[in-house]
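Trainee: Sharing a structure here in structure tokens format.
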Amino acid sequence: MSLLRWTNGVALGLLTVGTMDTLGQDNTVEWDLLSHVVEQDLRPLVPMNGESFEVQLLAKVGDLTAGRVGYWVDGVFIGWVEASHAGVMGPKDIWSASLPSTAGTTVEYVFEATDGSDTDFVGSNGPSETLPGDRFMVNFNTLEHARLGATPVAGGTVFRVWSPTRTSVQVRGEFNGWAVGDALSKVGEDFIGFVAGASVGDMYKFFFNNVYWNTDPHASALVPGDNFNALISDPFGYQWQNDDFVAAPLDEWVVYQLHVGSFAGRNDPVGPTGNPSGYRDVGDRVAHLAELGINVVMLNPINEFPGSLSGGYNPISVFAWEDALGTPDDLKYMIDQLHGAGIAVILDVVWNHLSPSDNFLWNYDGTQLYFDNVAQDTPWGAQADFDKQGVFDYYMDSVHHVMGEFRMDGYRQDAVMAMTDSGWTSQWNSGQNLVREMNRLIDRRYSDAQAIAEIYIDSIWVQTGIEFDSQYHNTFKNSMREAVFGASSGNPNIAGIAAALDGTGSISGTQVFNYFELHDDAWPLNGHDRAVRAIDPSFPNDDIYARGRTTLANTLTLLSKGIPGILQGTEWLENDGWEESRIDWSHKASYGGVFDMYRDVIALRRSEPALKANQNTWVYHTNNASDVLAMERWENGGDSFVVVANFSNNDHLGYRIGIPRDGTWGVELNTQDSIYNGSGVGTSGTFVAEVIANGPHGQSVVLDIPAMGVLVLRHEPGGVCVADFTGDGTLDFFDISAFLAAFGSGAVEGDINGDGSHDFFDISAFLSAFGGLEPGGDYNGDGEWDFFDISAFLTEFSVGCP
């Protein structure tokens, strides 16, 4: 599918990128991974006066072997220009061709893309098998290939603004002494024009119908202290250092919510900062986040808001960045530093409303352009008129701004229900269409980026209906908080949290975003304190219950199925809020053991495939009397872990619990270990499962489970050779005999890959380990995989375990 923005019948932008796969040169051009957006992919961004310019085509890394561009001047075909590989942008190759200067008015062009023996084309309506009649276009007279906003070019700046009903627009700024005279030309619903002498750093405003002043909705920077004048910014002024960064797959995400203004500067070993702290301050402290081990930072909103101290949920623009935190290039520096440490950046965006104060979009050009005449209200401010194409484009264009120019890696979309639910808004249909097309655009153009919906309905419709990648897991959050805070009265709801650990209804894995505490739950201005303070109201809010219950909750979150998230400061028992009170860096030393615990839990989560978001989970043990639960996390054919959580205030010594696999187990981590400043209670070392049935399992172990603690057990911690079926350390026919007996009888031991079935995959896994050969091999060469192959294989079993 293609999404086009049109003015006077000209396609200004094509969005045709699909989801990212591991592809290569295979004689098939991957159509869904090709992209050219006129407003983004010309160099210079706005070619002028017939000058030579480059056109860029994005393709999946490694997919294309060659490319060309065919072009026409004033409708006459001129010829083909070879394209070359010009670099990378995240998961995409950039193919570039230079079109020569011309005395003509218009240049139209199409791309030819080749992967080995397959050649296809890309025109303004998308890819095709044959040379298309639809073409991209640059018009040197109208400059309608320019993007909205201000784009610096040689000798001045090209301005473009949406104002469909005004008859005149002028640009007034520092470059002309704020005088009248630099008029823009009407092109469709927009006004476009070049203003000589307007340069990067100059302030400006638009002047509508010789009466009404207003700023630029598409400006990257505003000056609140000077009537919100817009600043001309250079989109290429910052020199990126990490062009090839690609975010980790969603299955591997560990998310850290970060509020830029309160992150740095308080008892900070790196040094003091202003208040609020800024983009560069965060960038200069990336080493801390890398040490913690998270791989995604989720920024609280940083679009321009009234004042300088805010949570960010009162934006006045979706393009301008909060000036109190730094410049646009400072923001790019922060993102670049995070990318350099292997950390993705996703932005919390607020599209559901605009701030009721300083809302310059209200009555923007002297008309109610961005809102309904009777505006749709929300509890926080007026909602823009999503039904208007220009408003729809405003939000969609901001995706290119955020993920294109600023190279962020996804969105957390705030209060989605306020845009999509008929109980919240009368324009729910257009709101659904807006976020759906946003997600399609991200999938096509920014294929490694992800979008998480803040929505509390736990419904697969969020994925299938409006096409988000993930959603807030309301049942998980509520059940976890109920269990943790219920523990203070000795009545945690273990059954409730157990039911939520494997997803809710039809959603699980990467479809859900799990957390115990994020910004809304620890926001004093929202009436909420951090959990450590709610549990222990006496300063410094760090008693054994505050530490134990919060580390238990967050550890269980980090090790559960789904995408886990924690709030800044969680890693050191932060007890203050996060908007007006900066987090206290002295806690990292004071609670060094707690930091080490979070570091080790996150390292375990990220290093073990069995603990990824989509891997198997079975909550097989719940004991409401003792407030204990246990779940297995495992990878089919791979490792198995058991996570045992004790929500009670009492140690459980000598506690027998069923275990899903026989053999040796070991304690991988104990959140109450003394090295983490815990109580020191808890089983350690390795032990062998006893053939004593408990719960659903035929074997069990006896554990000392610490109060308010989590034990993480690993099966065969020294590594296991599944082919040594008798466990005697020797591979011989006794192992083969024992395996075939277990397999034939349906015994659990015969389920080698742990998928609950006895089938050829188990035989394959066993033989692979036994012989060091590839599973599923056609050993007798008859073209089939069957027991004759097993017989053939058994004559060659001496290679042994790898």
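The chains in the structure tokens are called A, B, ... from first to last as shown; in each chain the residues are counted from 1, and the ligands are counted from 1 in the order shown.
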DSSP says strand (DSSP E) for which residues of stretch 40-274 of chain A? Put them as number ranges by chain?
Mentor: A: 42-43, 53-60, 66-73, 76-89, 92-99, 106-115, 118-123, 126-128, 136-139, 149-153, 156-162, 169-173, 185-187, 190-196, 203-208, 212-214, 221-223, 229-231, 255-258
Trainee: Write out the residues from the selection above, keeping C-alpha atoms, as a short mmCIF file (atom, residue, chain, number, x, y, z; two decimals), in the first residue's frame.
Mentor:
data_model
loop_
_atom_site.label_atom_id
_atom_site.label_comp_id
_atom_site.auth_asym_id
_atom_site.auth_seq_id
_atom_site.Cartn_x
_atom_site.Cartn_y
_atom_site.Cartn_z
CA LEU A 42 16.43 14.99 -2.45
CA ARG A 43 19.89 16.55 -2.02
CA PHE A 53 20.37 17.41 -7.60
CA GLU A 54 20.60 13.90 -6.15
CA VAL A 55 17.68 11.56 -5.70
CA GLN A 56 17.85 8.77 -3.12
CA LEU A 57 16.12 5.41 -2.96
CA LEU A 58 16.07 3.44 0.28
CA ALA A 59 16.22 -0.36 0.09
CA LYS A 60 16.80 -3.16 2.54
CA ALA A 66 22.19 -2.12 -9.13
CA GLY A 67 19.93 0.86 -9.70
CA ARG A 68 19.19 3.56 -12.27
CA VAL A 69 17.07 6.67 -12.52
CA GLY A 70 15.17 7.60 -15.66
CA TYR A 71 14.25 11.27 -16.00
CA TRP A 72 12.20 13.68 -18.10
CA VAL A 73 12.57 17.47 -18.49
CA VAL A 76 10.51 14.92 -22.65
CA PHE A 77 12.44 11.75 -21.79
CA ILE A 78 16.17 12.47 -21.50
CA GLY A 79 17.74 9.18 -20.44
CA TRP A 80 18.99 7.00 -17.61
CA VAL A 81 21.52 7.83 -14.90
CA GLU A 82 23.31 5.08 -12.96
CA ALA A 83 22.69 4.97 -9.22
CA SER A 84 25.34 3.90 -6.74
CA HIS A 85 25.35 2.70 -3.17
CA ALA A 86 25.89 5.86 -1.09
CA GLY A 87 25.72 4.60 2.48
CA VAL A 88 23.30 3.27 5.06
CA MET A 89 20.56 4.68 7.24
CA LYS A 92 18.39 0.59 4.84
CA ASP A 93 20.86 1.01 2.03
CA ILE A 94 20.86 4.42 0.35
CA TRP A 95 21.09 4.32 -3.46
CA SER A 96 21.78 7.70 -5.02
CA ALA A 97 21.88 9.19 -8.52
CA SER A 98 22.70 12.73 -9.60
CA LEU A 99 20.43 14.37 -12.18
CA THR A 106 10.09 20.49 -14.32
CA VAL A 107 12.12 17.32 -13.84
CA GLU A 108 10.22 14.05 -13.48
CA TYR A 109 11.89 10.77 -12.61
CA VAL A 110 11.42 7.08 -11.77
CA PHE A 111 13.74 4.49 -10.25
CA GLU A 112 14.88 1.19 -11.68
CA ALA A 113 15.89 -1.31 -8.97
CA THR A 114 17.76 -4.54 -9.71
CA ASP A 115 18.48 -7.61 -7.60
CA ASP A 118 15.12 -9.28 -11.31
CA THR A 119 14.52 -5.66 -12.32
CA ASP A 120 11.55 -3.57 -11.16
CA PHE A 121 10.60 0.10 -11.06
CA VAL A 122 9.44 2.67 -8.51
CA GLY A 123 7.18 5.56 -9.50
CA GLY A 126 4.74 2.61 -5.87
CA PRO A 127 6.73 -0.33 -7.31
CA SER A 128 5.80 -1.99 -10.60
CA PHE A 136 8.08 11.88 -9.03
CA MET A 137 8.47 15.56 -9.85
CA VAL A 138 10.56 18.60 -9.02
CA ASN A 139 9.03 21.92 -10.11
CA GLY A 149 8.33 24.69 7.22
CA ALA A 150 11.63 26.45 6.55
CA THR A 151 14.36 24.77 4.51
CA PRO A 152 17.70 26.61 4.20
CA VAL A 153 19.17 26.58 0.69
CA GLY A 156 18.39 31.99 1.59
CA THR A 157 15.53 29.79 2.76
CA VAL A 158 12.46 28.22 1.17
CA PHE A 159 9.33 28.64 3.30
CA ARG A 160 6.09 26.70 3.02
CA VAL A 161 2.96 26.97 5.16
CA TRP A 162 -0.54 25.45 5.00
CA VAL A 169 1.17 35.27 3.38
CA GLN A 170 4.45 37.08 3.98
CA VAL A 171 7.52 36.00 5.91
CA ARG A 172 8.81 38.52 8.41
CA GLY A 173 11.96 37.98 10.44
CA SER A 185 2.96 32.30 -3.65
CA LYS A 186 -0.25 30.33 -3.34
CA VAL A 187 0.14 26.73 -4.57
CA ASP A 190 -0.17 26.11 0.67
CA PHE A 191 1.96 29.23 0.33
CA ILE A 192 5.54 28.63 -0.89
CA GLY A 193 8.49 30.85 -1.69
CA PHE A 194 12.20 31.60 -1.48
CA VAL A 195 13.42 34.43 0.75
CA ALA A 196 16.92 35.63 0.04
CA MET A 203 13.93 34.11 13.84
CA TYR A 204 10.78 34.51 11.74
CA LYS A 205 6.99 34.41 11.65
CA PHE A 206 4.29 34.26 9.01
CA PHE A 207 1.99 37.25 8.38
CA PHE A 208 -1.45 36.31 7.07
CA TYR A 212 -2.42 38.14 11.58
CA TRP A 213 1.00 37.01 12.86
CA ASN A 214 1.84 33.43 13.83
CA ALA A 221 12.86 25.22 17.40
CA LEU A 222 10.71 28.00 18.86
CA VAL A 223 11.73 30.89 21.11
CA ASN A 229 9.21 33.12 17.08
CA ALA A 230 10.38 30.22 14.92
CA LEU A 231 14.06 29.55 14.25
CA VAL A 255 12.86 -0.39 28.22
CA TYR A 256 13.97 2.43 30.54
CA GLN A 257 11.61 5.40 30.85
CA LEU A 258 13.63 8.62 31.04
#
Trainee: When you look at stretch 454-469 of chain A with a cut-off of 6 Å (counting only C-alpha atoms), what residues show up, excluding the ones that are within fewer than 5 positions of it in the same chain? I need them as a list of chain:residue names.
Mentor: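 Residues near the query, excluding close chain neighbours: A:Gln413, A:Asp414, A:Ala415, A:Val416, A:Arg436, A:Asn474, A:Ile507.
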Trainee: Using only C-alpha atoms, which of A:Gln427, A:Met419, A:Asn210, A:Ala500 sits nearest A:Asp372?
Mentor: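 Among the listed residues, A:Gln427 lies closest to A:Asp372.
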Trainee: For A:Gly569, please output as a PyMOL selection string all residues within 8 Å (counting only C-alpha atoms; exclusion window: fewer than 4 positions along the same chain).
Mentor: chain A and resi 573-574+583-584
Trainee: Write out as JSON, numbers by chain all residues of stretch 414-650 of chain A that DSSP puts in helix (DSSP H, G or I) for this structure's backbone.
Mentor: {"A": [417, 418, 419, 420, 428, 429, 430, 431, 432, 433, 434, 435, 436, 437, 438, 439, 440, 441, 442, 443, 444, 445, 461, 462, 463, 464, 474, 475, 476, 477, 478, 479, 480, 481, 482, 483, 484, 485, 486, 487, 488, 489, 494, 495, 496, 497, 498, 499, 500, 509, 510, 511, 519, 520, 521, 522, 524, 525, 526, 531, 532, 533, 534, 535, 544, 545, 546, 547, 548, 549, 550, 551, 552, 553, 554, 555, 556, 557, 558, 559, 570, 571, 572, 587, 588, 589, 590, 592, 593, 594, 595, 596, 597, 598, 599, 600, 601, 602, 603, 604, 605, 606, 607, 609, 610, 611]}
Trainee: When you look at A:Phe485 with a cut-off of 12 Å (counting only C-alpha atoms), what residues show up, excluding the ones that are within fewer than 3 positions of it in the same chain? I need them as number ranges by chain.
Mentor: A: 478-482, 488-494, 516, 531-536, 545-546, 548-550, 552-553, 647-649, 708
Trainee: For A:Ala645, which of A:Met438, A:Thr617, A:Arg599, A:Thr551 is the closest residue, counting only C-alpha atoms?
Mentor: A:Thr551
Trainee: What is the distance, in Å and to one decimal place, between atom CA of A:Tyr394 and atom CA of A:Asp448?
Mentor: 22.8 Å
Trainee: Contacts of stretch 657-662 of chain A at 9 Å or less, counting only C-alpha atoms, minus same-chain residues fewer than 2 places along, as a PyMOL selection string?
Mentor: chain A and resi 620-621+630+632+640+642+655+664-665+688-703+715+748-749
Trainee: Closest to A:Gly431 among A:Thr327, A:Gln376, A:Ser626, A:Thr557, using only C-alpha atoms?
Mentor: A:Gln376
Trainee: Which residue is closest to A:Gly311? Choose from A:His353, A:His652, A:Arg633, A:His259 and count only C-alpha atoms.
Mentor: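 So, comparing all the options, the nearest one is A:His259.
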Trainee: What's around A:Ala290 at 10 Å? Count only C-alpha atoms, leave out sequence neighbours fewer than 3 positions away in its own chain, and write the answer as a list in words.
Mentor: Arg285, Val286, Ala287, Gly293, Ile294, Asn295, Leu338, Gly340, Ala341, Gly342, Ile343 and Arg599 of chain A
Trainee: Could you save those same residues with N, CA, C and O atoms as a PDB file, in the first residue's frame?
Mentor:
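As a result, selection06.pdb now contains:
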ATOM      1  N   ARG A 285      25.843  10.989  29.953  1.00  0.00           N
ATOM      2  CA  ARG A 285      25.691   9.988  31.023  1.00  0.00           C
ATOM      3  C   ARG A 285      25.209   8.649  30.480  1.00  0.00           C
ATOM      4  O   ARG A 285      24.677   7.818  31.228  1.00  0.00           O
ATOM      5  N   VAL A 286      25.436   8.437  29.206  1.00  0.00           N
ATOM      6  CA  VAL A 286      25.015   7.192  28.574  1.00  0.00           C
ATOM      7  C   VAL A 286      25.722   5.983  29.176  1.00  0.00           C
ATOM      8  O   VAL A 286      25.171   4.877  29.212  1.00  0.00           O
ATOM      9  N   ALA A 287      26.930   6.183  29.685  1.00  0.00           N
ATOM     10  CA  ALA A 287      27.677   5.060  30.259  1.00  0.00           C
ATOM     11  C   ALA A 287      26.903   4.389  31.387  1.00  0.00           C
ATOM     12  O   ALA A 287      26.987   3.167  31.567  1.00  0.00           O
ATOM     13  N   GLY A 293      22.453  -1.899  31.410  1.00  0.00           N
ATOM     14  CA  GLY A 293      22.203  -2.957  30.437  1.00  0.00           C
ATOM     15  C   GLY A 293      20.932  -2.819  29.637  1.00  0.00           C
ATOM     16  O   GLY A 293      20.655  -3.664  28.778  1.00  0.00           O
ATOM     17  N   ILE A 294      20.150  -1.769  29.878  1.00  0.00           N
ATOM     18  CA  ILE A 294      18.922  -1.605  29.089  1.00  0.00           C
ATOM     19  C   ILE A 294      19.307  -1.325  27.633  1.00  0.00           C
ATOM     20  O   ILE A 294      20.417  -0.869  27.340  1.00  0.00           O
ATOM     21  N   ASN A 295      18.380  -1.616  26.704  1.00  0.00           N
ATOM     22  CA  ASN A 295      18.703  -1.360  25.297  1.00  0.00           C
ATOM     23  C   ASN A 295      17.673  -0.460  24.601  1.00  0.00           C
ATOM     24  O   ASN A 295      17.753  -0.271  23.382  1.00  0.00           O
ATOM     25  N   LEU A 338      23.345   7.665  22.563  1.00  0.00           N
ATOM     26  CA  LEU A 338      22.612   6.457  22.954  1.00  0.00           C
ATOM     27  C   LEU A 338      22.770   5.367  21.905  1.00  0.00           C
ATOM     28  O   LEU A 338      23.019   4.202  22.230  1.00  0.00           O
ATOM     29  N   GLY A 340      25.225   4.990  19.924  1.00  0.00           N
ATOM     30  CA  GLY A 340      26.591   4.514  20.008  1.00  0.00           C
ATOM     31  C   GLY A 340      26.794   3.487  21.101  1.00  0.00           C
ATOM     32  O   GLY A 340      27.714   2.665  21.030  1.00  0.00           O
ATOM     33  N   ALA A 341      25.946   3.524  22.115  1.00  0.00           N
ATOM     34  CA  ALA A 341      25.994   2.541  23.208  1.00  0.00           C
ATOM     35  C   ALA A 341      25.055   1.376  22.967  1.00  0.00           C
ATOM     36  O   ALA A 341      24.848   0.553  23.863  1.00  0.00           O
ATOM     37  N   GLY A 342      24.480   1.305  21.774  1.00  0.00           N
ATOM     38  CA  GLY A 342      23.577   0.201  21.447  1.00  0.00           C
ATOM     39  C   GLY A 342      22.179   0.365  22.005  1.00  0.00           C
ATOM     40  O   GLY A 342      21.443  -0.622  22.132  1.00  0.00           O
ATOM     41  N   ILE A 343      21.786   1.595  22.324  1.00  0.00           N
ATOM     42  CA  ILE A 343      20.494   1.852  22.966  1.00  0.00           C
ATOM     43  C   ILE A 343      19.582   2.594  22.002  1.00  0.00           C
ATOM     44  O   ILE A 343      19.922   3.667  21.500  1.00  0.00           O
ATOM     45  N   ARG A 599      21.251  -4.702  37.361  1.00  0.00           N
ATOM     46  CA  ARG A 599      22.197  -4.932  36.258  1.00  0.00           C
ATOM     47  C   ARG A 599      22.261  -6.414  35.918  1.00  0.00           C
ATOM     48  O   ARG A 599      22.208  -6.798  34.736  1.00  0.00           O
TER      49      ARG A 599
END
Trainee: Of the candidates A:Gln615, A:Asn359, A:Gln450, A:Asn677, which shows the shortest atom-to-atom distance to A:Tyr591, using only C-alpha atoms?
Mentor: A:Asn677
Trainee: Within 12 Å of A:His401, counting only C-alpha atoms, which residues qualify if same-chain residues fewer than 2 places away don't, as a VMD selection string?
Mentor: chain A and resid 39 to 40 147 to 149 218 to 220 235 303 318 to 321 328 332 347 394 to 399 403 to 410 442 446
Trainee: Of the candidates A:Gly116, A:Pro315, A:Gly709, A:Gly366, which one gets nearest to A:Gly381 if we count only C-alpha atoms?
Mentor: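 Ranking A:Gly116, A:Pro315, A:Gly709, A:Gly366 by distance to A:Gly381, first place goes to A:Pro315.
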